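protein.pdb follows (PDB, C-alpha atoms, pLDDT in the B column):
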ATOM      1  CA  MET Z   1     -31.803 -20.707  60.298  1.00 73.00           C
ATOM      2  CA  ASP Z   2     -31.189 -23.095  63.194  1.00 83.00           C
ATOM      3  CA  LYS Z   3     -27.752 -21.614  63.920  1.00 86.00           C
ATOM      4  CA  PRO Z   4     -27.068 -18.907  66.504  1.00 86.00           C
ATOM      5  CA  PHE Z   5     -26.218 -15.457  65.160  1.00 83.00           C
ATOM      6  CA  ALA Z   6     -22.764 -15.784  66.763  1.00 84.00           C
ATOM      7  CA  THR Z   7     -21.952 -18.523  64.208  1.00 86.00           C
ATOM      8  CA  PHE Z   8     -21.464 -15.702  61.687  1.00 85.00           C
ATOM      9  CA  PRO Z   9     -19.004 -13.285  63.328  1.00 83.00           C
ATOM     10  CA  SER Z  10     -18.677  -9.885  61.619  1.00 83.00           C
ATOM     11  CA  TRP Z  11     -21.741 -10.552  59.419  1.00 87.00           C
ATOM     12  CA  SER Z  12     -24.820  -8.321  59.518  1.00 87.00           C
ATOM     13  CA  LEU Z  13     -28.440  -9.346  59.278  1.00 87.00           C
ATOM     14  CA  ARG Z  14     -30.285  -7.304  56.631  1.00 89.00           C
ATOM     15  CA  ILE Z  15     -34.061  -7.399  57.009  1.00 88.00           C
ATOM     16  CA  GLU Z  16     -36.682  -5.849  54.724  1.00 90.00           C
ATOM     17  CA  CYS Z  17     -40.069  -4.902  56.155  1.00 89.00           C
ATOM     18  CA  ASN Z  18     -42.879  -6.794  54.420  1.00 87.00           C
ATOM     19  CA  ARG Z  19     -45.278  -3.878  54.886  1.00 87.00           C
ATOM     20  CA  CYS Z  20     -43.350  -0.747  53.838  1.00 89.00           C
ATOM     21  CA  GLY Z  21     -40.191  -2.242  52.265  1.00 87.00           C
ATOM     22  CA  LYS Z  22     -37.665  -0.355  54.409  1.00 89.00           C
ATOM     23  CA  MET Z  23     -34.374  -2.076  55.218  1.00 87.00           C
ATOM     24  CA  ARG Z  24     -32.818  -2.567  58.637  1.00 86.00           C
ATOM     25  CA  MET Z  25     -29.284  -3.749  59.371  1.00 86.00           C
ATOM     26  CA  ILE Z  26     -28.569  -5.637  62.592  1.00 85.00           C
ATOM     27  CA  SER Z  27     -25.183  -6.683  63.944  1.00 84.00           C
ATOM     28  CA  GLU Z  28     -24.289  -8.973  66.830  1.00 81.00           C
ATOM     29  CA  THR Z  29     -24.042  -5.976  69.154  1.00 79.00           C
ATOM     30  CA  HIS Z  30     -27.817  -5.385  68.787  1.00 78.00           C
ATOM     31  CA  ILE Z  31     -28.686  -8.881  70.036  1.00 79.00           C
ATOM     32  CA  PRO Z  32     -28.638  -9.380  73.836  1.00 76.00           C
ATOM     33  CA  VAL Z  33     -27.247 -12.937  73.740  1.00 75.00           C
ATOM     34  CA  PRO Z  34     -25.984 -13.658  70.183  1.00 69.00           C
ATOM     35  CA  ALA Z  35     -24.232 -16.879  71.235  1.00 75.00           C
ATOM     36  CA  VAL Z  36     -27.544 -18.638  71.911  1.00 82.00           C
ATOM     37  CA  THR Z  37     -30.117 -16.603  69.940  1.00 82.00           C
ATOM     38  CA  LEU Z  38     -31.084 -18.496  66.780  1.00 87.00           C
ATOM     39  CA  LEU Z  39     -31.432 -16.627  63.503  1.00 87.00           C
ATOM     40  CA  ARG Z  40     -34.929 -18.114  63.119  1.00 88.00           C
ATOM     41  CA  ASP Z  41     -35.998 -16.562  66.439  1.00 88.00           C
ATOM     42  CA  ILE Z  42     -34.527 -13.149  65.620  1.00 84.00           C
ATOM     43  CA  ILE Z  43     -36.346 -12.974  62.278  1.00 85.00           C
ATOM     44  CA  GLU Z  44     -39.666 -14.136  63.751  1.00 87.00           C
ATOM     45  CA  LYS Z  45     -39.604 -11.515  66.530  1.00 84.00           C
ATOM     46  CA  MET Z  46     -38.489  -8.560  64.376  1.00 82.00           C
ATOM     47  CA  ARG Z  47     -40.981  -5.728  63.824  1.00 83.00           C
ATOM     48  CA  HIS Z  48     -40.359  -2.470  61.978  1.00 81.00           C
ATOM     49  CA  ASP Z  49     -40.548   0.430  64.449  1.00 79.00           C
ATOM     50  CA  GLY Z  50     -42.252   2.772  61.997  1.00 79.00           C
ATOM     51  CA  CYS Z  51     -45.151   0.670  60.686  1.00 87.00           C
ATOM     52  CA  GLY Z  52     -45.128  -2.519  62.786  1.00 80.00           C
ATOM     53  CA  GLY Z  53     -44.489  -4.743  59.743  1.00 87.00           C
ATOM     54  CA  ARG Z  54     -42.864  -8.148  60.066  1.00 89.00           C
ATOM     55  CA  ALA Z  55     -39.638  -9.299  58.467  1.00 86.00           C
ATOM     56  CA  GLY Z  56     -40.113 -10.095  54.783  1.00 85.00           C
ATOM     57  CA  ARG Z  57     -36.802 -10.729  53.060  1.00 88.00           C
ATOM     58  CA  ALA Z  58     -33.881 -11.542  55.353  1.00 89.00           C
ATOM     59  CA  GLU Z  59     -30.244 -12.162  54.471  1.00 90.00           C
ATOM     60  CA  LEU Z  60     -26.828 -12.290  56.086  1.00 89.00           C
ATOM     61  CA  ILE Z  61     -24.256 -10.014  54.456  1.00 89.00           C
ATOM     62  CA  THR Z  62     -20.579  -9.287  55.019  1.00 86.00           C
ATOM     63  CA  GLY Z  63     -20.537  -5.661  53.921  1.00 72.00           C
ATOM     64  CA  ILE Z  64     -22.385  -2.934  52.051  1.00 69.00           C
ATOM     65  CA  GLU Z  65     -22.088  -2.657  48.278  1.00 64.00           C
ATOM     66  CA  GLY Z  66     -20.390   0.540  47.164  1.00 58.00           C
ATOM     67  CA  VAL Z  67     -18.933   1.137  50.625  1.00 59.00           C
ATOM     68  CA  SER Z  68     -16.957  -2.005  51.470  1.00 58.00           C
ATOM     69  CA  SER Z  69     -13.587  -2.554  49.814  1.00 57.00           C
ATOM     70  CA  TRP Z  70     -14.120  -6.326  50.009  1.00 66.00           C
ATOM     71  CA  SER Z  71     -16.614  -8.223  47.921  1.00 71.00           C
ATOM     72  CA  VAL Z  72     -19.998  -8.534  49.595  1.00 76.00           C
ATOM     73  CA  ARG Z  73     -21.109 -12.075  50.425  1.00 81.00           C
ATOM     74  CA  ARG Z  74     -24.790 -12.907  50.954  1.00 80.00           C
ATOM     75  CA  ILE Z  75     -26.761 -15.787  52.441  1.00 80.00           C
ATOM     76  CA  LEU Z  76     -30.486 -15.552  51.730  1.00 82.00           C
ATOM     77  CA  LEU Z  77     -32.453 -16.713  54.789  1.00 79.00           C
ATOM     78  CA  ARG Z  78     -35.997 -15.780  53.802  1.00 79.00           C
ATOM     79  CA  GLU Z  79     -37.515 -14.686  50.518  1.00 78.00           C
ATOM     80  CA  ARG Z  80     -40.432 -12.300  50.589  1.00 68.00           C
TER      81      ARG Z  80
END
Please rewrite the model in this file as structure tokens.
Amino acid sequence: MDKPFATFPSWSLRIECNRCGKMRMISETHIPVPAVTLLRDIIEKMRHDGCGGRAGRAELITGIEGVSSWSVRRILLRER
């Protein structure tokens, strides 16, 4: 959590809203300065646009199951 998002190139951040349960995928291109923005800070500031909920479950993933031809790797950052 104390590493910048840029430490994980080509990984996506998958965040589940703690209020409504909807998922959101974020890549490095969505973060203004990924080289210095810590994962901890990204997760703390995230809000779901629809309901205003905070980030519940958060994990780093390398692909999407059923879509990616490679095996999907996961790093759990925050449990609900």
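Here, the PyMOL selection byres ((chain Z and resi 17-23) around 7) matches Arg14, Ile15, Glu16, Arg24, Met25, His48, Gly53, Arg54, Ala55 and Gly56 of chain Z.
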Dump of C-alpha atoms for the selected residues, as a PDB file, in the coordinates of the input:
ATOM      1  CA  ARG Z  14     -30.285  -7.304  56.631  1.00 89.00           C
ATOM      2  CA  ILE Z  15     -34.061  -7.399  57.009  1.00 88.00           C
ATOM      3  CA  GLU Z  16     -36.682  -5.849  54.724  1.00 90.00           C
ATOM      4  CA  ARG Z  24     -32.818  -2.567  58.637  1.00 86.00           C
ATOM      5  CA  MET Z  25     -29.284  -3.749  59.371  1.00 86.00           C
ATOM      6  CA  HIS Z  48     -40.359  -2.470  61.978  1.00 81.00           C
ATOM      7  CA  GLY Z  53     -44.489  -4.743  59.743  1.00 87.00           C
ATOM      8  CA  ARG Z  54     -42.864  -8.148  60.066  1.00 89.00           C
ATOM      9  CA  ALA Z  55     -39.638  -9.299  58.467  1.00 86.00           C
ATOM     10  CA  GLY Z  56     -40.113 -10.095  54.783  1.00 85.00           C
TER      11      GLY Z  56
END
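For the pair atom CA of Z:Arg57 and atom CA of Z:Arg73, the separation is 16.0 Å.
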- Query: Hey, which of Z:Gly52, Z:Trp11, Z:Ala6, Z:Leu60 ends up closest to Z:Val36? Count only C-alpha atoms.
  - Reply: Z:Ala6
Can you report as AutoDock Vina command-line options the centre and edge lengths in Å, to one decimal, of an axis-aligned box around the listed atoms of stretch 8-19 of chain Z padded with 3 Å on each side?
--center_x -32.0 --center_y -9.8 --center_z 58.9 --size_x 32.6 --size_y 17.8 --size_z 14.9
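Going from atom CA of Z:His30 to atom CA of Z:Ser71 covers 23.9 Å.
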- Message: One decimal, in Å: what's the spacing between atom CA of Z:Arg74 and atom CA of Z:Thr62?
- Response: 6.9 Å
- Pick the closest to Z:Thr37 from Z:Cys51, Z:Met1, Z:Leu77, Z:Ile61: which is it, counting only C-alpha atoms?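 The answer is Z:Met1, which sits nearest to Z:Thr37.
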- Using only C-alpha atoms, which residue out of Z:Glu59, Z:Ile75, Z:Pro9, Z:Met46 lies closest to Z:Thr29? Z:Pro9
- Query: From the set Z:Ile26, Z:Lys45, Z:Leu38, Z:Pro32, which residue has the shortest atom-to-atom contact distance to Z:Phe5, counting all atoms listed in the file?
  - Reply: Z:Leu38
For Z:Asp2, find every residue with an atom within 9 Å (counting all atoms listed in the file), except residues of its own chain fewer than 3 positions away, and show them as a PDB file with C-alpha atoms, keeping the file's coordinate frame.
ATOM      1  CA  LEU Z  38     -31.084 -18.496  66.780  1.00 87.00           C
ATOM      2  CA  LEU Z  39     -31.432 -16.627  63.503  1.00 87.00           C
ATOM      3  CA  ARG Z  40     -34.929 -18.114  63.119  1.00 88.00           C
ATOM      4  CA  ASP Z  41     -35.998 -16.562  66.439  1.00 88.00           C
TER       5      ASP Z  41
END
- Of the candidates Z:Ile43, Z:Val33, Z:Gly63, Z:Gly50, which shows the shortest atom-to-atom distance to Z:Ser10, using only C-alpha atoms?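 Answer, going by the shortest atom-to-atom distance: Z:Gly63.
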